[in-house]
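Note: the block below is query-v2.csv and it holds CSV, C-alpha atoms.
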chain,number,residue,atom,x,y,z
X,1,MET,CA,-6.9,42.6,-30.2
X,2,PHE,CA,-4.9,45.6,-29.0
X,3,SER,CA,-8.0,47.1,-27.4
X,4,HIS,CA,-8.7,43.8,-25.6
X,5,ILE,CA,-5.2,43.9,-24.1
X,6,ILE,CA,-5.7,47.4,-22.8
X,7,TYR,CA,-9.1,46.5,-21.5
X,8,SER,CA,-7.8,43.4,-19.6
X,9,LEU,CA,-4.8,45.4,-18.2
X,10,LEU,CA,-7.1,48.2,-17.0
X,11,SER,CA,-9.6,45.8,-15.4
X,12,VAL,CA,-6.9,43.9,-13.5
X,13,THR,CA,-5.2,47.2,-12.4
X,14,ILE,CA,-8.4,48.7,-11.2
X,15,CYS,CA,-9.3,45.6,-9.2
X,16,LEU,CA,-5.9,45.6,-7.7
X,17,LEU,CA,-6.1,49.3,-6.7
X,18,ALA,CA,-9.5,48.7,-5.2
X,19,GLY,CA,-8.0,45.7,-3.4
X,20,LYS,CA,-5.2,48.0,-2.0
X,21,ALA,CA,-7.9,50.5,-0.8
X,22,ILE,CA,-9.8,47.7,1.0
X,23,GLU,CA,-6.5,46.3,2.5
X,24,ASP,CA,-5.9,49.8,4.1
X,25,LEU,CA,-9.3,49.7,5.7
X,26,LEU,CA,-9.4,46.0,6.5
X,27,PRO,CA,-5.9,44.5,6.8
X,28,ILE,CA,-6.9,40.8,7.0
X,29,LEU,CA,-6.1,39.5,3.5
X,30,PRO,CA,-3.3,40.5,1.1
X,31,ALA,CA,-4.5,43.3,-1.3
X,32,SER,CA,-4.1,41.0,-4.3
X,33,LEU,CA,-6.7,38.6,-2.9
X,34,TYR,CA,-9.2,41.3,-2.3
X,35,GLY,CA,-8.5,42.3,-5.9
X,36,MET,CA,-9.1,38.7,-7.1
X,37,MET,CA,-12.5,38.6,-5.4
X,38,ILE,CA,-13.5,42.0,-6.8
X,39,PHE,CA,-12.4,40.8,-10.3
X,40,THR,CA,-14.5,37.6,-9.9
X,41,ALA,CA,-17.5,39.6,-8.7
X,42,LEU,CA,-17.3,42.1,-11.5
X,43,LEU,CA,-17.1,39.3,-14.1
X,44,HIS,CA,-19.9,37.4,-12.5
X,45,TYR,CA,-22.3,40.4,-12.4
X,46,ARG,CA,-21.3,41.3,-16.0
X,47,PHE,CA,-19.7,44.6,-15.1
X,48,LEU,CA,-16.7,43.3,-17.1
X,49,ASN,CA,-16.9,41.6,-20.5
X,50,ALA,CA,-15.4,38.1,-20.0
X,51,ASN,CA,-15.1,37.4,-23.7
X,52,ARG,CA,-12.8,40.4,-24.1
X,53,ILE,CA,-10.7,39.4,-21.1
X,54,GLN,CA,-10.4,35.7,-21.7
X,55,PRO,CA,-7.5,35.5,-24.3
X,56,CYS,CA,-5.2,37.8,-22.4
X,57,ILE,CA,-5.9,36.3,-19.0
X,58,GLU,CA,-5.4,32.7,-20.4
X,59,TRP,CA,-2.1,33.8,-21.8
X,60,ALA,CA,-1.1,35.4,-18.6
X,61,LEU,CA,-2.1,32.4,-16.5
X,62,ALA,CA,-0.2,30.0,-18.8
X,63,ASN,CA,3.0,32.0,-18.5
X,64,MET,CA,3.0,33.5,-15.1
X,65,ALA,CA,5.3,30.8,-13.5
X,66,VAL,CA,8.3,32.6,-15.0
X,67,CYS,CA,7.7,35.4,-12.5
X,68,PHE,CA,8.6,33.1,-9.6
X,69,VAL,CA,11.8,31.8,-11.0
X,70,PRO,CA,13.8,34.6,-9.3
X,71,ALA,CA,12.3,33.7,-5.9
X,72,GLY,CA,13.1,30.0,-6.4
X,73,VAL,CA,16.7,30.8,-7.3
X,74,GLY,CA,17.0,32.2,-3.8
X,75,ILE,CA,17.4,28.6,-2.6
X,76,ILE,CA,21.2,29.1,-3.2
X,77,ASN,CA,21.3,31.3,-0.1
X,78,HIS,CA,20.1,28.3,2.0
X,79,TYR,CA,22.9,25.8,1.3
X,80,GLU,CA,23.4,25.1,5.0
X,81,LEU,CA,19.7,24.5,5.6
X,82,ILE,CA,19.5,22.1,2.7
X,83,LYS,CA,22.7,20.3,3.7
X,84,ASN,CA,21.5,19.8,7.3
X,85,HIS,CA,17.8,19.3,6.8
X,86,GLY,CA,17.1,18.9,3.1
X,87,LEU,CA,15.9,15.3,3.3
X,88,MET,CA,13.7,16.1,6.3
X,89,LEU,CA,12.1,19.0,4.5
X,90,VAL,CA,11.4,17.0,1.4
X,91,GLY,CA,10.0,14.2,3.6
X,92,ILE,CA,7.6,16.6,5.3
X,93,ILE,CA,6.4,18.1,2.0
X,94,PHE,CA,6.0,14.6,0.5
X,95,PHE,CA,4.1,13.2,3.5
X,96,THR,CA,1.7,16.2,4.0
X,97,THR,CA,1.0,16.3,0.2
X,98,PHE,CA,0.0,12.7,0.2
X,99,LEU,CA,-2.1,13.2,3.3
X,100,LEU,CA,-4.1,16.0,1.7
X,101,LEU,CA,-4.5,14.1,-1.6
X,102,THR,CA,-5.8,11.0,0.2
X,103,PHE,CA,-8.1,12.9,2.6
X,104,VAL,CA,-9.8,15.0,-0.1
X,105,GLY,CA,-9.9,12.2,-2.6
X,106,LEU,CA,-11.3,9.5,-0.3
X,107,THR,CA,-13.8,11.8,1.5
X,108,TYR,CA,-15.3,13.2,-1.8
X,109,GLN,CA,-15.4,9.7,-3.4
X,110,ARG,CA,-17.3,8.5,-0.3
X,111,GLN,CA,-19.8,11.3,-0.6
X,112,LEU,CA,-20.3,10.6,-4.3
X,113,ASN,CA,-20.8,6.9,-3.6
X,114,ARG,CA,-23.4,7.6,-0.8
X,115,LYS,CA,-25.3,9.9,-3.2
X,116,GLU,CA,-25.3,7.1,-5.8
X,117,THR,CA,-26.7,4.5,-3.5
X,118,ILE,CA,-29.4,6.9,-2.4
X,119,ILE,CA,-30.4,7.5,-6.0
X,120,GLN,CA,-30.4,3.7,-6.7
X,121,LYS,CA,-32.6,3.0,-3.7
X,122,GLU,CA,-35.0,5.7,-4.9
X,123,LEU,CA,-35.1,4.2,-8.3
X,124,SER,CA,-35.7,0.6,-7.0
X,125,LYS,CA,-38.7,1.7,-4.9
U,1,MET,CA,25.2,58.9,-11.3
U,2,SER,CA,23.8,58.6,-14.9
U,3,ASN,CA,26.4,56.0,-15.7
U,4,ASN,CA,25.3,54.0,-12.7
U,5,PHE,CA,21.7,54.3,-13.8
U,6,ILE,CA,22.5,53.0,-17.3
U,7,SER,CA,24.5,50.0,-16.0
U,8,GLU,CA,21.7,49.2,-13.5
U,9,THR,CA,19.1,49.3,-16.2
U,10,SER,CA,21.1,47.2,-18.6
U,11,LEU,CA,21.8,44.7,-15.9
U,12,MET,CA,18.1,44.6,-15.2
U,13,LEU,CA,17.3,44.0,-18.9
U,14,PHE,CA,20.0,41.4,-19.1
U,15,PHE,CA,18.8,39.3,-16.1
U,16,ILE,CA,15.1,39.6,-17.0
U,17,LEU,CA,15.8,38.5,-20.6
U,18,LEU,CA,18.0,35.7,-19.4
U,19,THR,CA,15.3,34.5,-17.1
U,20,LEU,CA,12.6,34.7,-19.8
U,21,VAL,CA,14.8,33.0,-22.4
U,22,VAL,CA,15.9,30.1,-20.1
U,23,TYR,CA,12.3,29.6,-19.1
U,24,GLN,CA,11.0,29.7,-22.6
U,25,VAL,CA,13.6,27.1,-23.7
U,26,PHE,CA,12.3,24.7,-21.1
U,27,VAL,CA,8.7,25.4,-21.9
U,28,GLN,CA,9.4,24.4,-25.5
U,29,LEU,CA,11.2,21.3,-24.3
U,30,GLN,CA,8.3,20.3,-22.1
U,31,LYS,CA,5.9,20.8,-25.1
U,32,ARG,CA,7.9,18.4,-27.1
U,33,CYS,CA,8.4,15.7,-24.5
U,34,LYS,CA,5.1,16.1,-22.5
U,35,LYS,CA,6.6,14.9,-19.3
U,36,PRO,CA,5.4,16.6,-16.1
U,37,TRP,CA,8.7,16.2,-14.3
U,38,LEU,CA,10.3,18.4,-17.0
U,39,ASN,CA,8.8,21.4,-15.1
U,40,PRO,CA,10.1,24.6,-16.7
U,41,MET,CA,10.1,26.6,-13.5
U,42,LEU,CA,12.2,23.9,-11.7
U,43,LEU,CA,14.6,23.4,-14.6
U,44,SER,CA,15.0,27.2,-15.0
U,45,ILE,CA,16.0,27.6,-11.4
U,46,LEU,CA,18.4,24.6,-11.6
U,47,THR,CA,20.0,26.2,-14.7
U,48,LEU,CA,20.3,29.7,-13.3
U,49,ILE,CA,21.9,28.7,-10.0
U,50,PRO,CA,25.1,27.3,-11.6
U,51,PHE,CA,25.1,30.2,-14.1
U,52,LEU,CA,25.1,32.8,-11.3
U,53,GLY,CA,27.7,30.8,-9.4
U,54,PHE,CA,30.0,30.6,-12.5
U,55,PHE,CA,29.9,34.4,-13.1
U,56,ASN,CA,30.2,35.2,-9.4
U,57,ILE,CA,26.8,37.0,-9.3
U,58,THR,CA,25.2,37.1,-5.9
U,59,PHE,CA,21.6,36.2,-5.5
U,60,GLU,CA,20.8,39.7,-4.1
U,61,GLN,CA,22.2,41.2,-7.3
U,62,TYR,CA,20.1,38.9,-9.5
U,63,TYR,CA,17.0,39.3,-7.3
U,64,GLN,CA,17.2,43.1,-7.4
U,65,SER,CA,17.7,43.2,-11.1
U,66,THR,CA,14.6,40.9,-11.7
U,67,ALA,CA,12.4,42.9,-9.4
U,68,PRO,CA,10.0,43.9,-12.2
U,69,LEU,CA,9.2,40.2,-12.7
U,70,ASN,CA,8.4,39.8,-9.0
U,71,SER,CA,6.1,42.9,-9.0
U,72,LEU,CA,3.9,40.9,-11.4
U,73,LEU,CA,2.9,38.7,-8.5
U,74,GLU,CA,0.0,40.9,-7.4
U,75,PRO,CA,-1.7,41.2,-10.8
U,76,ALA,CA,-1.1,37.4,-11.2
U,77,VAL,CA,-3.3,36.8,-8.1
U,78,VAL,CA,-6.0,39.1,-9.4
U,79,ALA,CA,-6.0,37.2,-12.7
U,80,LEU,CA,-6.8,34.0,-10.9
U,81,GLY,CA,-10.2,35.5,-10.4
U,82,PHE,CA,-11.0,34.5,-14.0
U,83,PRO,CA,-11.0,30.7,-13.5
U,84,LEU,CA,-12.9,31.3,-10.3
U,85,TYR,CA,-15.6,33.2,-12.2
U,86,GLN,CA,-15.7,30.4,-14.8
U,87,HIS,CA,-16.3,27.7,-12.2
U,88,ILE,CA,-18.8,29.6,-10.1
U,89,GLN,CA,-21.1,29.2,-13.0
U,90,THR,CA,-20.5,25.5,-13.7
U,91,ILE,CA,-20.3,24.1,-10.2
U,92,LYS,CA,-22.6,26.4,-8.3
U,93,LYS,CA,-24.8,23.7,-6.7
U,94,GLN,CA,-22.3,21.8,-4.6
U,95,TRP,CA,-19.7,24.5,-3.9
U,96,ARG,CA,-20.5,24.6,-0.2
U,97,GLN,CA,-19.9,20.9,0.3
U,98,ILE,CA,-16.6,21.2,-1.6
U,99,ALA,CA,-15.5,24.3,0.3
U,100,ILE,CA,-16.0,22.7,3.6
U,101,LEU,CA,-14.0,19.6,2.6
U,102,LEU,CA,-11.2,21.7,1.2
U,103,PHE,CA,-11.3,23.9,4.3
U,104,VAL,CA,-10.9,20.9,6.6
U,105,GLY,CA,-8.1,19.5,4.4
U,106,ALA,CA,-6.2,22.8,4.3
U,107,VAL,CA,-6.5,23.3,8.1
U,108,ILE,CA,-5.2,19.8,8.8
U,109,THR,CA,-2.3,20.0,6.5
U,110,ILE,CA,-1.3,23.5,7.4
U,111,ALA,CA,-1.3,22.6,11.1
U,112,ILE,CA,0.6,19.3,10.6
U,113,SER,CA,3.2,20.8,8.3
U,114,PHE,CA,3.8,23.7,10.6
U,115,CYS,CA,4.1,21.6,13.8
U,116,VAL,CA,6.2,18.9,12.3
U,117,THR,CA,8.6,21.4,10.8
U,118,ILE,CA,8.9,23.4,14.1
U,119,TYR,CA,9.5,20.1,15.9
U,120,ALA,CA,12.1,18.9,13.4
U,121,ILE,CA,14.2,22.0,12.8
U,122,ASN,CA,12.7,24.7,15.0
U,123,GLN,CA,12.8,27.5,12.5
U,124,TYR,CA,9.6,29.7,12.2
U,125,ASP,CA,10.1,31.0,8.7
U,126,ILE,CA,10.8,27.6,7.2
U,127,ALA,CA,7.7,26.2,9.0
U,128,VAL,CA,5.6,29.0,7.5
U,129,SER,CA,6.9,28.3,4.1
U,130,LEU,CA,6.2,24.5,4.3
U,131,SER,CA,2.7,25.0,5.6
U,132,LEU,CA,1.9,27.2,2.5
U,133,LYS,CA,3.1,24.7,-0.1
U,134,SER,CA,-0.2,23.4,-1.3
U,135,VAL,CA,-1.5,26.6,-2.8
U,136,THR,CA,-0.7,28.2,-6.2
U,137,THR,CA,2.6,30.1,-6.2
U,138,PRO,CA,1.4,33.7,-6.4
U,139,ILE,CA,-0.8,33.3,-3.3
U,140,GLY,CA,1.7,31.1,-1.5
U,141,ILE,CA,4.4,33.8,-1.9
U,142,ALA,CA,2.0,36.7,-1.0
U,143,LEU,CA,1.1,34.8,2.2
U,144,THR,CA,4.7,34.0,3.0
U,145,GLU,CA,5.5,37.7,2.9
U,146,GLN,CA,2.5,38.5,5.1
U,147,LEU,CA,3.6,35.9,7.7
U,148,ASN,CA,7.3,36.5,7.5
U,149,GLY,CA,8.2,33.2,6.0
U,150,ASN,CA,10.9,32.5,3.5
U,151,ASN,CA,10.1,33.2,-0.2
U,152,SER,CA,12.7,30.9,-1.7
U,153,ILE,CA,11.7,27.9,0.5
U,154,THR,CA,8.1,28.5,-0.3
U,155,ALA,CA,8.7,28.7,-4.0
U,156,PHE,CA,10.7,25.4,-3.9
U,157,ALA,CA,8.3,23.6,-1.6
U,158,ILE,CA,5.4,24.6,-3.9
U,159,ILE,CA,7.1,23.1,-6.9
U,160,LEU,CA,7.9,19.9,-5.0
U,161,ALA,CA,4.3,19.5,-3.7
U,162,GLY,CA,3.1,20.1,-7.3
U,163,LEU,CA,5.5,17.5,-8.8
U,164,PHE,CA,4.6,14.8,-6.2
U,165,GLY,CA,0.9,15.2,-6.8
U,166,ALA,CA,1.2,15.5,-10.6
U,167,LEU,CA,3.4,12.4,-11.0
U,168,LEU,CA,2.2,10.1,-8.2
U,169,GLY,CA,-1.3,11.5,-7.5
U,170,PRO,CA,-3.3,9.7,-10.3
U,171,PRO,CA,-1.8,6.2,-9.8
U,172,TRP,CA,-2.1,6.6,-6.0
U,173,LEU,CA,-5.7,7.7,-6.2
U,174,SER,CA,-6.7,4.8,-8.4
U,175,PHE,CA,-4.9,2.5,-6.1
U,176,ILE,CA,-7.0,3.6,-3.1
U,177,ASN,CA,-10.2,3.3,-5.2
U,178,VAL,CA,-10.7,7.0,-5.8
U,179,ASN,CA,-11.8,6.6,-9.4
U,180,SER,CA,-14.4,9.3,-10.1
U,181,PRO,CA,-12.9,12.1,-12.2
U,182,LYS,CA,-14.5,14.6,-9.8
U,183,ALA,CA,-12.8,13.2,-6.7
U,184,GLN,CA,-9.5,12.8,-8.5
U,185,GLY,CA,-9.6,16.3,-9.8
U,186,LEU,CA,-10.5,17.8,-6.5
U,187,ALA,CA,-7.8,15.9,-4.6
U,188,ILE,CA,-5.0,16.8,-7.0
U,189,GLY,CA,-6.1,20.5,-7.3
U,190,ALA,CA,-6.1,20.7,-3.5
U,191,ALA,CA,-2.7,19.1,-2.9
U,192,SER,CA,-0.8,20.0,-6.1
U,193,HIS,CA,-2.3,23.3,-7.3
U,194,ALA,CA,-1.6,24.5,-10.8
U,195,LEU,CA,1.1,21.9,-11.6
U,196,GLY,CA,-1.2,19.0,-10.7
U,197,THR,CA,-4.1,20.7,-12.5
U,198,ALA,CA,-2.1,21.2,-15.7
U,199,THR,CA,-1.1,17.6,-15.7
U,200,ILE,CA,-4.5,16.1,-14.9
U,201,SER,CA,-6.4,18.5,-17.2
U,202,ARG,CA,-5.2,16.4,-20.2
U,203,VAL,CA,-7.3,13.4,-18.9
U,204,SER,CA,-10.8,14.9,-19.2
U,205,TYR,CA,-12.8,18.1,-18.9
U,206,GLU,CA,-14.3,17.0,-15.6
U,207,HIS,CA,-10.8,16.5,-14.2
U,208,ALA,CA,-9.8,19.9,-15.3
U,209,ALA,CA,-12.9,21.7,-14.0
U,210,TYR,CA,-12.8,20.1,-10.5
U,211,SER,CA,-9.0,20.4,-10.2
U,212,SER,CA,-9.0,24.1,-10.9
U,213,LEU,CA,-12.0,24.6,-8.7
U,214,ALA,CA,-10.1,23.0,-5.8
U,215,LEU,CA,-7.0,25.0,-6.6
U,216,ILE,CA,-8.9,28.3,-6.3
U,217,ILE,CA,-11.0,27.4,-3.3
U,218,SER,CA,-7.9,26.0,-1.4
U,219,ALA,CA,-6.0,29.2,-2.2
U,220,VAL,CA,-8.8,31.4,-0.8
U,221,VAL,CA,-9.4,29.2,2.2
U,222,THR,CA,-5.6,29.1,3.0
U,223,ALA,CA,-5.3,32.9,2.5
U,224,ILE,CA,-8.1,33.6,5.0
U,225,PHE,CA,-7.3,31.0,7.6
U,226,SER,CA,-3.5,30.3,7.5
U,227,PRO,CA,-2.6,33.5,9.4
U,228,MET,CA,-5.1,32.5,12.2
U,229,ILE,CA,-3.9,28.9,12.4
U,230,ILE,CA,-0.2,29.8,12.4
U,231,ASN,CA,-0.6,32.5,15.0
U,232,THR,CA,-2.6,30.2,17.2
U,233,LEU,CA,0.0,27.4,16.9
U,234,VAL,CA,2.9,29.8,17.6
U,235,HIS,CA,1.1,30.6,20.8
U,236,PHE,CA,0.9,27.0,21.9
U,237,LEU,CA,4.3,25.7,20.7
Would you mind writing the structure in this file as structure tokens?
Amino acid sequence: MFSHIIYSLLSVTICLLAGKAIEDLLPILPASLYGMMIFTALLHYRFLNANRIQPCIEWALANMAVCFVPAGVGIINHYELIKNHGLMLVGIIFFTTFLLLTFVGLTYQRQLNRKETIIQKELSK
Amino acid sequence: MSNNFISETSLMLFFILLTLVVYQVFVQLQKRCKKPWLNPMLLSILTLIPFLGFFNITFEQYYQSTAPLNSLLEPAVVALGFPLYQHIQTIKKQWRQIAILLFVGAVITIAISFCVTIYAINQYDIAVSLSLKSVTTPIGIALTEQLNGNNSITAFAIILAGLFGALLGPPWLSFINVNSPKAQGLAIGAASHALGTATISRVSYEHAAYSSLALIISAVVTAIFSPMIINTLVHFL
């Protein structure tokens, strides 16, 4: 188990460092996203052993939200903004979230339905 | 000098431990009650704010002391490559169709959120934060820093978007006749990232797979295109 933890930490660190190197050359995306893509590619092409990484990564993903608590606490510095525009901001978040939900849900459902009717037509021929 | 160092380190340990303990308490609470609105991140923030106020600790002091937690942001994004790898294998066939759909969805919502916020309160950093609210927190925050948004507002907006979708998403989607698990998963992953994904994953494996697929693809699409969209909009507004 211990060697799995070291292996996972090293893999993530190396991918992140490689991401930083790419960001220096090609500053379009944040280094961490380059790192993520490298990580995915290395796993996909079996340069990294997914079975050894899985338990640590799943633990990390399940617990990572705690890292963002400090940033969220920073909302105390925006008392004025919330007092003046709080409802407006929540309204915008609410409205655009529902818009995205509805758009993606309806469009994909329609695509699925279309596929189904095509298959049924093929079958009835 | 050395005294200073010791007190700084102990403050750091204290605040990090405090954050971890408070968070863990709410994680346990949510495990018992199984209610999505008992979100541990939201409840921890709402608990820590009065605590800091009571002891007269400024946010800057707290934020500086918890810097090590924040520095885990980058490895957290890298770690998201793992679910992406898992889904590349299962849903290889239709990933292009899904990517186009999520791309269009992300572009529309980023543009609308940004324009409406600029129109309503005319603050660039807040508009950036609100337009990045549909992606998972580590990527949202990384992009906020890149685009000079406001970290705290982004963090909060992301939680709210997550809660809306997690709580009201499934009933709303059924109401508008979006009943397939694939479409429901995709919609909730796109609009409500990890929070929605965690909630809907309990329903079925298909929900879970499509929701986390949407979460990852939306994050990548947003990361690549949001700087372009926002810079273009700034030009026109």
Would you give me, as CSV, each residue of chain X having an atom within 8 Å of an atom of chain U, along with its shortest atom pair and that distance in Å to one decimal, using only C-alpha atoms and sorting by chain and residue number?
residue,atom,partner,partner_atom,distance
X:Val12,CA,U:Val78,CA,6.4
X:Thr13,CA,U:Pro75,CA,7.1
X:Cys15,CA,U:Val78,CA,7.3
X:Leu16,CA,U:Val78,CA,6.7
X:Ile28,CA,U:Ile224,CA,7.6
X:Leu29,CA,U:Ile224,CA,6.4
X:Pro30,CA,U:Ala142,CA,6.9
X:Ala31,CA,U:Glu74,CA,8.0
X:Ser32,CA,U:Glu74,CA,5.1
X:Leu33,CA,U:Val77,CA,6.5
X:Gly35,CA,U:Val78,CA,5.4
X:Met36,CA,U:Val78,CA,3.9
X:Met37,CA,U:Gly81,CA,6.3
X:Phe39,CA,U:Gly81,CA,5.7
X:Thr40,CA,U:Gly81,CA,4.8
X:Ala41,CA,U:Tyr85,CA,7.5
X:Leu43,CA,U:Tyr85,CA,6.6
X:His44,CA,U:Tyr85,CA,6.0
X:Gln54,CA,U:Phe82,CA,7.8
X:Ile57,CA,U:Ala79,CA,6.4
X:Ala60,CA,U:Ala76,CA,7.7
X:Leu61,CA,U:Ala79,CA,7.3
X:Met64,CA,U:Ala76,CA,6.9
X:Ala65,CA,U:Met41,CA,6.4
X:Val66,CA,U:Met41,CA,6.4
X:Cys67,CA,U:Leu69,CA,5.0
X:Phe68,CA,U:Asn70,CA,6.7
X:Val69,CA,U:Ile45,CA,6.0
X:Pro70,CA,U:Tyr63,CA,6.0
X:Ala71,CA,U:Ser152,CA,5.1
X:Gly72,CA,U:Ser152,CA,4.8
X:Val73,CA,U:Ile45,CA,5.2
X:Gly74,CA,U:Ser152,CA,5.0
X:Ile75,CA,U:Ser152,CA,5.3
X:Ile76,CA,U:Ile49,CA,6.8
X:Asn77,CA,U:Phe59,CA,7.3
X:His85,CA,U:Ile121,CA,7.5
X:Met88,CA,U:Ala120,CA,7.8
X:Leu89,CA,U:Thr117,CA,7.6
X:Val90,CA,U:Leu160,CA,7.8
X:Ile92,CA,U:Ser113,CA,6.8
X:Ile93,CA,U:Ala161,CA,6.2
X:Phe94,CA,U:Ala161,CA,6.7
X:Thr96,CA,U:Thr109,CA,6.1
X:Thr97,CA,U:Ala191,CA,5.6
X:Phe98,CA,U:Gly165,CA,7.5
X:Leu99,CA,U:Thr109,CA,7.5
X:Leu100,CA,U:Ala191,CA,5.7
X:Leu101,CA,U:Ala187,CA,4.8
X:Thr102,CA,U:Ala187,CA,7.1
X:Phe103,CA,U:Gly105,CA,6.8
X:Val104,CA,U:Ala187,CA,5.0
X:Gly105,CA,U:Ala187,CA,4.7
X:Leu106,CA,U:Val178,CA,6.1
X:Thr107,CA,U:Leu101,CA,7.9
X:Tyr108,CA,U:Ala183,CA,5.5
X:Gln109,CA,U:Ala183,CA,5.5
Leaving out X:Cys56 and any residue of its chain fewer than 6 positions from it, which residues lie within 8 Å of it when counting all atoms listed in the file, given as a ChimeraX atom specification? /X:4-5,8
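Our summary of the geometry notes that atom CA of U:Trp37 is positioned 25.5 Å from atom CA of U:Val128.
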What's the separation between atom CA of U:Ser204 and atom CA of X:Lys115, in Å to one decimal place? 22.2 Å
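In this comparison, which uses all atoms listed in the file, the residue of X:Leu81, X:Leu123, X:Ala62, X:Ile53 approaching X:Leu9 most closely is X:Ile53.
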Name the residues, using the chain letters and numbers of the file, that sit within 9 Å of (-17.0, 24.3, -7.1) when counting only C-alpha atoms, and give them as a list in words. Leu84, His87, Ile88, Gln89, Thr90, Ile91, Lys92, Lys93, Gln94, Trp95, Arg96, Gln97, Ile98, Ala99, Ala209, Tyr210, Ser212, Leu213, Ala214 and Ile217 of chain U
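For the pair atom CA of X:Ala50 and atom CA of U:Gln28, the separation is 28.9 Å.
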